[in-house]
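As provided, target25.cif (mmCIF, C-alpha atoms and all ligand atoms) reads as follows.
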```
data_upload
#
loop_
_atom_site.label_atom_id
_atom_site.label_comp_id
_atom_site.auth_asym_id
_atom_site.auth_seq_id
_atom_site.Cartn_x
_atom_site.Cartn_y
_atom_site.Cartn_z
CA MET A 28 -15.11 3.79 3.35
CA THR A 29 -13.54 1.15 1.15
CA THR A 30 -10.72 -1.20 2.10
CA LEU A 31 -8.86 -2.72 -0.86
CA HIS A 32 -6.67 -5.83 -1.04
CA THR A 33 -3.77 -6.98 -3.20
CA ALA A 34 -1.69 -10.15 -2.95
CA ARG A 35 0.63 -8.61 -0.36
CA LEU A 36 -1.15 -5.50 0.91
CA ARG A 37 -4.29 -4.29 2.63
CA LEU A 38 -5.22 -0.69 1.79
CA GLU A 39 -7.20 0.82 4.67
CA PRO A 40 -8.70 4.33 4.63
CA CYS A 41 -6.35 6.53 6.69
CA CYS A 42 -7.71 7.08 10.19
CA GLN A 43 -6.61 8.31 13.60
CA ASP A 44 -5.24 4.87 14.59
CA HIS A 45 -2.66 5.21 11.78
CA LEU A 46 -1.12 8.43 13.16
CA GLN A 47 2.15 6.92 14.43
CA GLY A 48 2.67 4.71 11.34
CA LEU A 49 1.93 7.56 8.95
CA HIS A 50 4.18 9.88 10.96
CA ARG A 51 7.07 7.38 10.62
CA LEU A 52 6.48 7.47 6.86
CA ASN A 53 5.97 11.22 6.42
CA SER A 54 8.83 12.26 8.71
CA ASP A 55 11.48 10.43 6.65
CA PRO A 56 13.35 13.09 4.60
CA LEU A 57 14.14 10.55 1.87
CA VAL A 58 10.47 9.64 1.45
CA MET A 59 9.52 13.34 1.27
CA ARG A 60 12.49 14.38 -0.89
CA TYR A 61 10.51 14.69 -4.14
CA ILE A 62 7.13 15.51 -2.55
CA THR A 63 7.55 18.59 -0.34
CA GLY A 64 11.33 18.44 0.05
CA LYS A 65 11.11 18.36 3.85
CA PRO A 66 9.96 15.91 6.52
CA ASP A 67 6.44 16.37 7.90
CA THR A 68 5.95 17.07 11.61
CA LEU A 69 3.50 15.08 13.74
CA GLU A 70 1.13 18.06 13.44
CA ASP A 71 1.40 17.93 9.62
CA THR A 72 0.44 14.24 9.67
CA GLN A 73 -2.44 14.94 12.06
CA SER A 74 -3.72 17.64 9.64
CA MET A 75 -3.38 15.14 6.78
CA ILE A 76 -5.52 12.61 8.67
CA ASP A 77 -8.14 15.27 9.48
CA ARG A 78 -8.26 16.45 5.84
CA VAL A 79 -8.37 12.94 4.45
CA GLN A 80 -11.13 11.81 6.81
CA ALA A 81 -13.26 14.75 5.61
CA ARG A 82 -12.60 13.70 1.98
CA TRP A 83 -13.65 10.11 2.68
CA ALA A 84 -16.90 11.48 4.15
CA ASP A 85 -17.52 13.94 1.27
CA TRP A 86 -16.23 12.00 -1.76
CA GLY A 87 -16.01 8.33 -0.71
CA TYR A 88 -12.32 8.14 -1.68
CA SER A 89 -9.06 9.70 -0.57
CA TRP A 90 -5.88 8.29 1.05
CA TRP A 91 -5.32 4.72 2.17
CA SER A 92 -2.63 3.42 4.52
CA PHE A 93 -0.89 0.36 3.10
CA PHE A 94 -0.45 -2.57 5.51
CA ASP A 95 1.76 -5.58 4.87
CA ARG A 96 -0.75 -8.43 5.10
CA GLU A 97 1.81 -10.75 6.66
CA SER A 98 3.44 -8.53 9.29
CA GLY A 99 0.52 -6.13 9.83
CA GLU A 100 2.99 -3.22 9.58
CA LEU A 101 1.98 0.13 8.01
CA ILE A 102 4.46 0.34 5.12
CA GLY A 103 3.10 3.12 2.92
CA ALA A 104 0.18 5.22 1.75
CA GLY A 105 -1.53 6.14 -1.48
CA CYS A 106 -4.51 8.01 -2.80
CA ILE A 107 -7.16 8.66 -5.34
CA GLN A 108 -7.98 12.34 -5.01
CA HIS A 109 -8.29 15.37 -7.31
CA LEU A 110 -5.47 17.51 -8.69
CA ASP A 111 -5.07 20.70 -6.70
CA ARG A 112 -7.44 19.09 -4.15
CA ASP A 113 -10.23 20.54 -6.29
CA ALA A 114 -13.14 18.23 -7.13
CA SER A 115 -13.62 19.96 -10.51
CA GLN A 116 -10.14 18.80 -11.60
CA PRO A 117 -9.29 15.30 -12.91
CA HIS A 118 -8.74 12.38 -10.56
CA GLU A 119 -5.17 11.94 -9.36
CA ILE A 120 -3.37 8.85 -8.08
CA GLY A 121 -0.39 8.98 -5.71
CA TRP A 122 1.83 6.75 -3.54
CA ARG A 123 4.70 6.69 -1.05
CA LEU A 124 6.41 3.80 0.75
CA GLN A 125 8.72 3.35 3.74
CA ARG A 126 12.23 3.30 2.29
CA SER A 127 12.81 -0.26 3.60
CA GLN A 128 10.04 -1.36 1.21
CA TRP A 129 11.31 0.20 -2.02
CA GLY A 130 12.23 -1.97 -4.98
CA LYS A 131 9.86 -4.87 -4.27
CA GLY A 132 7.15 -3.92 -6.75
CA LEU A 133 4.80 -2.88 -3.93
CA ALA A 134 4.01 0.60 -5.28
CA SER A 135 3.06 -0.86 -8.66
CA GLU A 136 0.93 -3.53 -6.93
CA ALA A 137 -0.98 -0.97 -4.85
CA ALA A 138 -1.24 1.43 -7.80
CA GLU A 139 -2.80 -1.25 -9.98
CA ARG A 140 -5.54 -1.84 -7.37
CA MET A 141 -6.20 1.87 -6.76
CA THR A 142 -6.41 2.45 -10.51
CA SER A 143 -9.00 -0.27 -10.99
CA PHE A 144 -10.96 1.26 -8.08
CA ALA A 145 -10.85 4.66 -9.84
CA PHE A 146 -12.01 3.31 -13.20
CA ASP A 147 -14.27 0.39 -12.23
CA THR A 148 -15.87 1.68 -9.01
CA LEU A 149 -15.73 5.47 -9.33
CA GLU A 150 -16.04 5.36 -13.14
CA ALA A 151 -13.47 8.13 -13.48
CA PRO A 152 -13.00 9.08 -17.16
CA GLN A 153 -9.28 9.71 -16.73
CA LEU A 154 -6.56 9.29 -14.14
CA THR A 155 -3.58 11.62 -13.76
CA ALA A 156 -0.34 11.31 -11.80
CA ILE A 157 2.35 13.88 -11.15
CA CYS A 158 5.92 13.68 -9.90
CA ALA A 159 9.10 15.72 -9.74
CA PRO A 160 10.82 15.37 -13.15
CA ASP A 161 13.81 13.60 -11.57
CA ASN A 162 11.72 11.16 -9.47
CA LEU A 163 12.53 8.21 -11.74
CA ALA A 164 11.12 5.56 -9.41
CA SER A 165 7.72 7.25 -9.33
CA SER A 166 7.59 7.96 -13.07
CA ARG A 167 8.45 4.30 -13.67
CA VAL A 168 5.41 3.25 -11.60
CA MET A 169 3.30 5.57 -13.80
CA GLU A 170 4.69 4.01 -16.99
CA ARG A 171 4.13 0.48 -15.65
CA LEU A 172 0.48 1.42 -15.09
CA GLY A 173 0.21 2.29 -18.78
CA MET A 174 0.15 6.04 -18.23
CA ALA A 175 1.59 8.32 -20.92
CA TYR A 176 3.77 11.37 -20.29
CA ARG A 177 1.87 14.58 -21.06
CA GLY A 178 4.59 17.12 -20.27
CA LEU A 179 5.39 19.53 -17.49
CA GLU A 180 2.21 20.98 -16.00
CA ARG A 181 1.55 23.38 -13.15
CA TRP A 182 -0.34 21.87 -10.19
CA TYR A 183 -0.16 22.71 -6.48
CA GLU A 184 1.71 25.89 -7.55
CA ARG A 185 4.67 23.92 -8.97
CA ASP A 186 5.71 22.37 -12.28
CA TRP A 187 5.42 18.57 -12.32
CA ALA A 188 6.03 15.79 -14.84
CA THR A 189 2.44 14.82 -15.59
CA TYR A 190 1.18 11.42 -16.75
CA ALA A 191 -2.35 10.31 -17.65
CA ILE A 192 -4.41 7.34 -18.78
CA SER A 193 -8.05 7.28 -19.91
CA ALA A 194 -10.64 4.70 -18.87
CA GLY A 195 -10.62 3.36 -22.46
CA GLN A 196 -6.83 2.94 -22.46
CA TRP A 197 -7.00 1.18 -19.07
CA ARG A 198 -9.61 -1.29 -20.39
CA GLU A 199 -7.56 -1.95 -23.55
CA ARG A 200 -4.52 -2.63 -21.38
CA ALA A 201 -6.53 -5.02 -19.15
CA ALA A 202 -7.76 -6.89 -22.25
CA ARG A 203 -4.20 -7.09 -23.61
CA LEU A 204 -2.86 -8.43 -20.29
CA ALA A 205 -5.70 -10.97 -20.02
CA SER A 206 -5.02 -12.34 -23.51
CA TYR A 207 -1.23 -12.46 -23.10
CA SER A 208 0.29 -15.90 -22.84
CA PRO A 209 4.04 -16.15 -22.27
CA PRO A 210 6.06 -17.68 -25.12
CA THR A 211 6.70 -21.42 -24.73
CA LYS A 212 10.12 -22.94 -25.45
C1 LIG B 301 8.14 5.99 -5.78
C2 LIG B 301 8.05 4.74 -4.92
C3 LIG B 301 6.67 4.68 -4.28
C4 LIG B 301 8.28 3.51 -5.82
O1 LIG B 301 8.05 2.37 -5.04
P1 LIG B 301 8.60 0.91 -5.40
O2 LIG B 301 7.72 -0.09 -4.70
O3 LIG B 301 10.04 0.86 -5.13
O4 LIG B 301 8.33 0.82 -6.93
P2 LIG B 301 8.30 -0.52 -7.73
O5 LIG B 301 9.13 -1.57 -6.99
O6 LIG B 301 6.90 -0.82 -8.07
O7 LIG B 301 9.19 -0.14 -8.99
C5 LIG B 301 8.69 0.52 -10.08
C6 LIG B 301 9.81 0.68 -11.10
O8 LIG B 301 10.68 1.75 -10.69
C7 LIG B 301 12.02 1.32 -10.75
N1 LIG B 301 12.77 2.04 -9.75
C8 LIG B 301 12.68 1.91 -8.40
N2 LIG B 301 13.52 2.78 -7.82
C9 LIG B 301 14.15 3.46 -8.82
C10 LIG B 301 15.11 4.50 -8.86
N3 LIG B 301 15.60 5.04 -7.74
N4 LIG B 301 15.51 4.97 -10.06
C11 LIG B 301 15.01 4.45 -11.20
N5 LIG B 301 14.07 3.48 -11.24
C12 LIG B 301 13.66 3.00 -10.04
C13 LIG B 301 11.93 -0.16 -10.47
O9 LIG B 301 13.08 -0.84 -10.96
C14 LIG B 301 10.70 -0.53 -11.27
O10 LIG B 301 11.03 -0.55 -12.63
P3 LIG B 301 10.70 -1.81 -13.58
O11 LIG B 301 9.21 -1.72 -13.77
O12 LIG B 301 11.44 -1.52 -14.81
O13 LIG B 301 11.12 -3.02 -12.84
C15 LIG B 301 9.12 4.76 -3.79
O14 LIG B 301 10.39 4.91 -4.39
C16 LIG B 301 8.89 5.85 -2.78
O15 LIG B 301 8.11 5.69 -1.83
N6 LIG B 301 9.57 7.01 -2.96
C17 LIG B 301 9.43 8.12 -2.02
C18 LIG B 301 8.06 8.77 -2.07
C19 LIG B 301 7.74 9.34 -3.43
O16 LIG B 301 8.59 9.95 -4.08
N7 LIG B 301 6.51 9.10 -3.87
C20 LIG B 301 6.04 9.55 -5.15
C21 LIG B 301 5.69 10.97 -5.16
S1 LIG B 301 5.20 11.47 -6.80
#
```

How does this structure look as structure tokens?
Amino acid sequence: MTTLHTARLRLEPCCQDHLQGLHRLNSDPLVMRYITGKPDTLEDTQSMIDRVQARWADWGYSWWSFFDRESGELIGAGCIQHLDRDASQPHEIGWRLQRSQWGKGLASEAAERMTSFAFDTLEAPQLTAICAPDNLASSRVMERLGMAYRGLERWYERDWATYAISAGQWRERAARLASYSPPTK
């Protein structure tokens, strides 16, 4: 199981020790508003941990809990998994944060690291992300990652705004960012 780091976050594979922190996250109706539309119960979060642990064992990737490196607090979660939870479907990236942590660029920071894991470590050919059409914060994270809108598509038995980026597009973006130097006065 792979732990990832960013400047402000440590991404640890979700495990039993994270139950209470993940439950705080998943039981907030505002966090779940655009995901399932209702808060998860403790049992729902326990099932998530059980499912995710099996995926880590089978696939070597799944959901991480995000920890603030300074406070040690569990402040969110994110994943690399497969659309429809079906390994024959394209890789999917996802994220959610405690509401107290919104608007600080943390989702984009974690997403950047999970995306490079998907392309550089897993060698995924393509990465997809889905959100409710009116979830502007989430679609903005997708755009910041360089993903392009592909339209409304049916996954998990619902229609979602669907975004995607290929490995080639990700590498081009990385090269562009590496060669960018800010204008001087
Ligand atoms: C979606 C979510 C993870 C975004 O997290 P975040 O850390 O606030 O996102 P970032 O700070 O990286 O911001 C990304 C962009 O979205 C914008 N944004 C944030 N909230 C917004 C809102 N409510 N409406 C419009 N844009 C918003 C930010 O300004 C930023 O745009 P910029 O690149 O132009 O500056 C967070 O809002 C969340 O946890 N929501 C609930 C769970 C959820 O819906 N998850 C996604 C399921 S698909």

All residues 12 Å or closer to Gln196 in chain A, all atoms listed in the file, same chain fewer than 4 positions away omitted, as a ChimeraX atom specification
/A:142,146,152-154,172-175,191-192,200-203

Could you check the closest approach to ligand LIG 301 (chain B) for each of A:Ala104, A:Met75, A:Cys42, A:Leu163 and tell me which residue wins, using all atoms listed in the file?
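With all atoms listed in the file as the atom set, the closest residue is A:Leu163.
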
All residues within 6 Å of ligand LIG 301 (chain B) are required, counting only C-alpha atoms and all ligand atoms; please report them as a list of chain:residue names.
A:Val58, A:Met59, A:Tyr61, A:Ile62, A:Trp122, A:Arg123, A:Leu124, A:Trp129, A:Gly130, A:Lys131, A:Gly132, A:Leu133, A:Ala134, A:Ser135, A:Ile157, A:Cys158, A:Leu163, A:Ala164, A:Ser165, A:Arg167, A:Val168, A:Arg171

Separating CA of Trp90 in chain A from CA of Gly178 in chain A, to the nearest tenth of an Å, is a gap of 25.3 Å

Could you tell me how far CA of Asp67 in chain A sits from CA of Arg51 in chain A, in Å to one decimal place?
9.4 Å

Using only C-alpha atoms, find each residue in range 56-147 of chain A having at least one atom no more than 6 Å away from range 31-40 of chain A; report its shortest atom-to-atom pair and that distance in Å (one decimal), rows by chain then rising number, as JSON lines.
```
{"residue": "A:Trp91", "atom": "CA", "partner": "A:Pro40", "partner_atom": "CA", "distance": 4.2}
{"residue": "A:Ser92", "atom": "CA", "partner": "A:Glu39", "partner_atom": "CA", "distance": 5.3}
{"residue": "A:Phe93", "atom": "CA", "partner": "A:Leu38", "partner_atom": "CA", "distance": 4.6}
{"residue": "A:Phe94", "atom": "CA", "partner": "A:Arg37", "partner_atom": "CA", "distance": 5.1}
{"residue": "A:Asp95", "atom": "CA", "partner": "A:Leu36", "partner_atom": "CA", "distance": 4.9}
{"residue": "A:Arg96", "atom": "CA", "partner": "A:Leu36", "partner_atom": "CA", "distance": 5.1}
```

Work out how far CA of Thr63 in chain A is from CA of Gly87 in chain A, in Å to one decimal.
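These two atoms are separated by 25.7 Å.
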
How big is the axis-aligned box around the listed atoms of range 34-40 of chain A once 8 Å is added on each side, and where is its centre? Give both in Å to one decimal, as lines of an AutoDock Vina configuration file.
```
center_x = -4.0
center_y = -2.9
center_z = 0.9
size_x = 25.3
size_y = 30.5
size_z = 23.6
```

In terms of the shortest atom-to-atom distance over only C-alpha atoms, which of A:Gln116, A:Asp71, A:Gly105, A:Asn162 is closest to Glu136 in chain A?
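Selected residue with least distance to Glu136 in chain A: A:Gly105.
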
Nearest to Ala84 in chain A, chosen from A:Thr211, A:Ser115, A:Ser193, A:Thr29, with all atoms listed in the file counted in the distances
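Using all atoms listed in the file, Ala84 in chain A sits closest to A:Thr29.
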
From A:Leu204, A:Glu100, A:Arg60, A:Asp111, residue lying nearest Gln128 in chain A [all atoms listed in the file]:
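Of the candidates, the smallest distance to Gln128 in chain A is held by A:Glu100.
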